[in-house]
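Right, one structure below, let's go through it.
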Amino acid sequence: MLDETDRKILRALQCAPRLPFRRIGEVAGVSEQTAARRYQALRRAGALRVVGMVNPWVYGAAQWVTRIRCRPDRVAPLADALARRPDISWAHLASGGSEIICVMRSPLGGPREDVLLRQLPRSASVLDLSIDLIIHGYDAPGTAGWTGYGDSLDAEQVRQLTSERPPPAAGPPPPPAAEDAPLLDALAQDGRTTHTRLAELTGWSLSRVARRLESLEGSGTLEYEVELLPERLGFGLNAILWLRVAPAHLERVGAETARLDEVPFVGAISGENNLMVSVITRDPEDFYRFLTTRIAATPGIDGYDVSISLRHLKKAASLISRGRLVPPVSVQGPSGGSRHRNAAATDQPR
């Protein structure tokens with residue numbers, strides 16, 4: 001279980017993923033060595049990964065929520081195969097093991113590689129398939145993500161950490177250059193790779209590494225994600241709520257729900273259930289309290305369905321193997337370079 005020092009370290013990383021351990025130690029009230037040791041312990045346990053990723057909007061990728069109802073005896077091979085596809089991110093096995101929920105990246109309009117959509121309905125494993133477009137995310141860019149483990153930093157500490165972020169870039173982010181591939185590959189494996197190590201891997205000077213990172217981060221092309229595996233932190237029940245909300249209330253309900261501690265991601269989607277809410281709680285009773293107090297107190301919700309997650313398959317940029325976050329496999333991006341990125345901006349949709 002996390003103690004107060006662990007919680008401060010996690011929160012500091014969510015605010016500033018490449019923050020030096022010296023500064024993390026200052027925030028957490030411990031030495032630089034202790035901060036580094038605590039971080040490495042969480043990382044070795046498979047509970048935490050910091051990853052650098054190419055923003056999917058670089059290539060105009062829309063995000064599609066895909067729900068695949070399968071034969072329970074045939075679901076495992078299909079789920080594992082989907083999780084390893086580069087165009088699939090944030091994948092869960094839900095509903096007692098008979099439903100795969102994942103997010104797929106595919107451009108909106110124009111030529112699309114929709115082999116998946118053509119093949120799945122013909123699979124003997126698939127009983128039903130629904131695909132909805134994520135039309136809006138309620139997590140503001142640069143926010144910290146899920147803090148339901150217990151936020152131990154005060155508002156002033158958070159302000160100091162987040163004030164160092166570059167302001168959001170105007171316009172769509174530009175694609176990385178082909179020569180950026182080794183840099184991006186290294187950051188996809190470990191978003192905290194030092195400038196010195198990045199210089200060794202790229203063959204660049206330290207000053208060039210620093211300049212290129214500043215350019216990629218400032219333009220919005222390069223983003224960082226702090227991936228957490230809730231089960232490793234004592235939060236054993238993850239679920240997706242599919243809410244039905246009238247359009248007149250959608251903006252308010254989405255924004256209010258996104259501020260709840262238990263919620264890492266809220267997205268407006270097409271379809272009858274037009275609000276997708278990811279929820280992380282400790283156990284069934286904790287989830288019940290969330291439904292009957294947090295959700296029940298939000299006016300404008302006309303109905304809901306629930307999908308209980310049975311097993312995580314994939315996070316933002318990591319596969320889950322034997323209950324641990326593991327590094328991704330390099331994939332080729334549209335420009336030919338190696339790319340790693342999720343579709344839904346969050347550990348799952350954030």
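Following the order of the structure tokens, first chain is A, next is B, and so on, with residues numbered from 1 inside each chain and ligands from 1 in the order they appear.
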
For stretch 68-177 of chain A versus stretch 15-36 of chain A, which residues have an atom no more than 12 Å away, and what is each residue's nearest atom pair and distance in Å rounded to one decimal, using only C-alpha atoms, chain-then-number order, as CSV?
```
residue,atom,partner,partner_atom,distance
A:Pro141,CA,A:Cys15,CA,11.6
A:Gly142,CA,A:Cys15,CA,7.9
A:Thr143,CA,A:Cys15,CA,7.4
A:Ala144,CA,A:Cys15,CA,5.5
A:Gly145,CA,A:Cys15,CA,9.0
A:Trp146,CA,A:Cys15,CA,11.3
A:Thr147,CA,A:Cys15,CA,10.9
A:Asp151,CA,A:Cys15,CA,11.6
A:Ser152,CA,A:Ala28,CA,8.9
A:Leu153,CA,A:Val27,CA,8.0
A:Asp154,CA,A:Val27,CA,10.2
A:Ala155,CA,A:Cys15,CA,11.7
A:Glu156,CA,A:Val27,CA,11.0
A:Gln157,CA,A:Val27,CA,7.5
A:Val158,CA,A:Cys15,CA,6.9
A:Arg159,CA,A:Cys15,CA,9.0
A:Gln160,CA,A:Cys15,CA,9.4
A:Leu161,CA,A:Cys15,CA,6.0
A:Thr162,CA,A:Cys15,CA,5.6
A:Ser163,CA,A:Cys15,CA,9.3
A:Glu164,CA,A:Ala16,CA,8.0
A:Arg165,CA,A:Ala16,CA,7.6
A:Pro166,CA,A:Ala16,CA,11.0
```

Would you write out those residues with C-alpha atoms, as an mmCIF file, in the first residue's frame?
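Produced file again.cif, reproduced below:
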```cif
data_model
loop_
_atom_site.group_PDB
_atom_site.id
_atom_site.type_symbol
_atom_site.label_atom_id
_atom_site.label_comp_id
_atom_site.auth_asym_id
_atom_site.auth_seq_id
_atom_site.Cartn_x
_atom_site.Cartn_y
_atom_site.Cartn_z
ATOM 1 C CA PRO A 141 -4.534 19.094 -21.586
ATOM 2 C CA GLY A 142 -1.749 18.894 -19.047
ATOM 3 C CA THR A 143 -3.906 17.837 -16.108
ATOM 4 C CA ALA A 144 -2.500 15.287 -13.694
ATOM 5 C CA GLY A 145 -4.883 12.422 -14.375
ATOM 6 C CA TRP A 146 -6.146 9.987 -11.733
ATOM 7 C CA THR A 147 -5.307 11.005 -8.164
ATOM 8 C CA ASP A 151 -3.405 13.628 -3.328
ATOM 9 C CA SER A 152 -0.809 14.685 -0.755
ATOM 10 C CA LEU A 153 0.353 17.955 -2.330
ATOM 11 C CA ASP A 154 -1.228 21.304 -1.572
ATOM 12 C CA ALA A 155 -2.433 23.727 -4.227
ATOM 13 C CA GLU A 156 0.699 25.866 -4.070
ATOM 14 C CA GLN A 157 3.002 22.877 -4.590
ATOM 15 C CA VAL A 158 0.956 21.763 -7.580
ATOM 16 C CA ARG A 159 1.023 25.292 -9.001
ATOM 17 C CA GLN A 160 4.798 25.461 -8.707
ATOM 18 C CA LEU A 161 5.221 22.118 -10.464
ATOM 19 C CA THR A 162 2.752 22.763 -13.264
ATOM 20 C CA SER A 163 3.938 26.326 -13.918
ATOM 21 C CA GLU A 164 7.057 24.872 -15.553
ATOM 22 C CA ARG A 165 5.023 23.251 -18.333
ATOM 23 C CA PRO A 166 5.130 24.912 -21.740
#
```

DSSP on the backbone, strand (DSSP E or B) only: what residues of stretch 21-242 of chain A does that give? Format it as a ChimeraX atom specification. /A:48-54,61-70,88-94,99-107,126-137,222-228,237-242

Give the answer as one residue: which of A:Arg259, A:Arg211, A:His312, A:Arg244 has the shortest atom-to-atom distance to A:His195, using only C-alpha atoms? A:Arg211

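With distances restricted to only C-alpha atoms, A:Leu216 is the closest residue to A:Ala169 from A:Met104, A:Leu129, A:Ala41, A:Leu216.
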
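For the residues A:Gly171, A:Pro77, A:Gly203, A:Pro264, ranking by smallest atom-to-atom distance to A:Gly220 using only C-alpha atoms places A:Gly171 first.
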
Which residues of stretch 263-341 of chain A come within 6 Å of stretch 87-96 of chain A, and for each one, what is the closest pair of atoms and their distance in Å to one decimal, counting only C-alpha atoms, sorted by chain and residue number, as a tab-separated table?
```
residue	atom	partner	partner_atom	distance
A:Ser307	CA	A:Ser95	CA	5.6
A:Ile308	CA	A:Ala94	CA	5.4
A:Ser309	CA	A:Ala94	CA	4.2
A:Leu310	CA	A:Ala94	CA	4.9
A:Arg311	CA	A:Leu93	CA	5.1
A:His312	CA	A:His92	CA	4.6
A:Leu313	CA	A:Ala91	CA	5.2
A:Lys314	CA	A:Ala91	CA	4.9
A:Lys315	CA	A:Trp90	CA	4.6
A:Ala316	CA	A:Trp90	CA	5.8
```

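Our summary of the geometry notes that atom CA of A:Asp3 is positioned 9.4 Å from atom CA of A:Gly150.
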
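Note that the spacing between atom CA of A:Ala45 and atom CA of A:Arg85 amounts to 24.9 Å.
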
Which neighbours of A:Gln63 fall inside 12 Å, counting only C-alpha atoms, when residues of the same chain fewer than 3 positions from it are skipped, and could you give them as a PyMOL selection string? chain A and resi 56-57+59-60+66+87-90+102-108+131-137+267-270+342-345+349

Could you write out the selected residues, including N, CA and C atoms, as a tab-separated table (two decimals), in the first residue's frame?
```
chain	number	residue	atom	x	y	z
A	56	PRO	N	-1.16	11.67	-30.86
A	56	PRO	CA	-1.83	11.03	-32.00
A	56	PRO	C	-2.43	12.02	-32.98
A	57	TRP	N	-2.71	13.24	-32.53
A	57	TRP	CA	-3.29	14.24	-33.43
A	57	TRP	C	-2.28	14.70	-34.46
A	59	TYR	N	-1.04	12.88	-36.61
A	59	TYR	CA	-1.44	12.20	-37.84
A	59	TYR	C	-2.95	12.23	-38.06
A	60	GLY	N	-3.65	13.11	-37.36
A	60	GLY	CA	-5.09	13.25	-37.56
A	60	GLY	C	-5.90	12.06	-37.11
A	66	THR	N	-14.49	0.85	-28.98
A	66	THR	CA	-14.96	-0.39	-29.58
A	66	THR	C	-15.34	-1.38	-28.49
A	87	ASP	N	-2.62	0.14	-33.58
A	87	ASP	CA	-3.71	1.10	-33.67
A	87	ASP	C	-4.74	0.92	-32.55
A	88	ILE	N	-4.47	0.01	-31.63
A	88	ILE	CA	-5.35	-0.22	-30.49
A	88	ILE	C	-4.63	0.23	-29.22
A	89	SER	N	-5.35	0.97	-28.40
A	89	SER	CA	-4.79	1.34	-27.10
A	89	SER	C	-5.88	1.24	-26.05
A	90	TRP	N	-5.46	1.26	-24.83
A	90	TRP	CA	-6.35	1.12	-23.68
A	90	TRP	C	-7.39	0.02	-23.93
A	102	CYS	N	-11.99	-1.50	-26.03
A	102	CYS	CA	-10.72	-0.92	-26.40
A	102	CYS	C	-10.95	0.39	-27.15
A	103	VAL	N	-9.89	1.14	-27.31
A	103	VAL	CA	-9.93	2.37	-28.07
A	103	VAL	C	-9.04	2.20	-29.29
A	104	MET	N	-9.60	2.53	-30.44
A	104	MET	CA	-8.89	2.35	-31.70
A	104	MET	C	-8.61	3.71	-32.33
A	105	ARG	N	-7.42	3.89	-32.86
A	105	ARG	CA	-7.07	5.11	-33.57
A	105	ARG	C	-7.27	4.89	-35.06
A	106	SER	N	-7.97	5.82	-35.69
A	106	SER	CA	-8.16	5.77	-37.13
A	106	SER	C	-8.56	7.16	-37.59
A	107	PRO	N	-8.00	7.65	-38.70
A	107	PRO	CA	-8.35	8.99	-39.16
A	107	PRO	C	-9.85	9.13	-39.44
A	108	LEU	N	-10.36	10.31	-39.19
A	108	LEU	CA	-11.76	10.61	-39.45
A	108	LEU	C	-11.90	11.11	-40.88
A	131	ILE	N	-19.14	0.34	-32.33
A	131	ILE	CA	-18.04	1.29	-32.43
A	131	ILE	C	-18.61	2.70	-32.37
A	132	ASP	N	-18.13	3.50	-31.41
A	132	ASP	CA	-18.59	4.87	-31.26
A	132	ASP	C	-17.39	5.81	-31.26
A	133	LEU	N	-17.58	6.98	-31.82
A	133	LEU	CA	-16.53	7.98	-31.90
A	133	LEU	C	-16.47	8.78	-30.60
A	134	ILE	N	-15.26	8.98	-30.08
A	134	ILE	CA	-15.07	9.90	-28.96
A	134	ILE	C	-15.07	11.31	-29.54
A	135	ILE	N	-16.09	12.07	-29.23
A	135	ILE	CA	-16.24	13.40	-29.84
A	135	ILE	C	-15.71	14.52	-28.95
A	136	HIS	N	-15.48	14.22	-27.67
A	136	HIS	CA	-14.93	15.26	-26.79
A	136	HIS	C	-14.39	14.61	-25.53
A	137	GLY	N	-13.22	15.05	-25.08
A	137	GLY	CA	-12.67	14.61	-23.81
A	137	GLY	C	-12.73	15.74	-22.81
A	267	GLY	N	-15.37	10.93	-21.50
A	267	GLY	CA	-15.45	11.33	-22.89
A	267	GLY	C	-16.88	11.29	-23.40
A	268	ALA	N	-17.27	12.31	-24.16
A	268	ALA	CA	-18.55	12.28	-24.86
A	268	ALA	C	-18.38	11.43	-26.10
A	269	ILE	N	-19.31	10.52	-26.33
A	269	ILE	CA	-19.19	9.60	-27.45
A	269	ILE	C	-20.50	9.59	-28.24
A	270	SER	N	-20.42	9.11	-29.46
A	270	SER	CA	-21.62	8.91	-30.25
A	270	SER	C	-22.35	7.68	-29.72
A	342	ASN	N	-0.79	6.19	-27.32
A	342	ASN	CA	-2.12	5.69	-27.09
A	342	ASN	C	-3.14	6.57	-27.79
A	343	ALA	N	-4.39	6.14	-27.71
A	343	ALA	CA	-5.43	6.91	-28.37
A	343	ALA	C	-6.13	7.85	-27.42
A	344	ALA	N	-6.25	7.51	-26.14
A	344	ALA	CA	-7.17	8.24	-25.30
A	344	ALA	C	-6.49	9.12	-24.28
A	345	ALA	N	-5.38	9.57	-24.46
A	345	ALA	CA	-4.69	10.55	-23.63
A	345	ALA	C	-4.55	10.08	-22.22
A	349	PRO	N	-8.38	5.76	-21.06
A	349	PRO	CA	-8.77	7.12	-21.27
A	349	PRO	C	-8.66	7.83	-19.98
```

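Distances from A:Tyr288, A:Leu213, A:Asp190, A:Val226 to A:Arg11 were compared using only C-alpha atoms, and the smallest one belongs to A:Val226.
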
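Of the residues listed (A:Leu13, A:Ile301, A:Ala248, A:Leu222), A:Leu222 shows the shortest atom-to-atom separation from A:Asn55; distances use only C-alpha atoms.
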
Long-range neighbours of A:Asn273 as a PyMOL selection string, 9 Å cut-off, only C-alpha atoms, 3 positions minimum in chain: chain A and resi 242-245+269-270+276+303-305

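The two atoms in question, atom CA of A:Thr193 and atom CA of A:Leu325, are spaced 17.4 Å apart.
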
Test item: residues at most 9 Å from A:Thr202, only C-alpha atoms, excluding those fewer than 2 positions along its chain, as a PyMOL selection string: chain A and resi 179-183+197-200+204-205+209
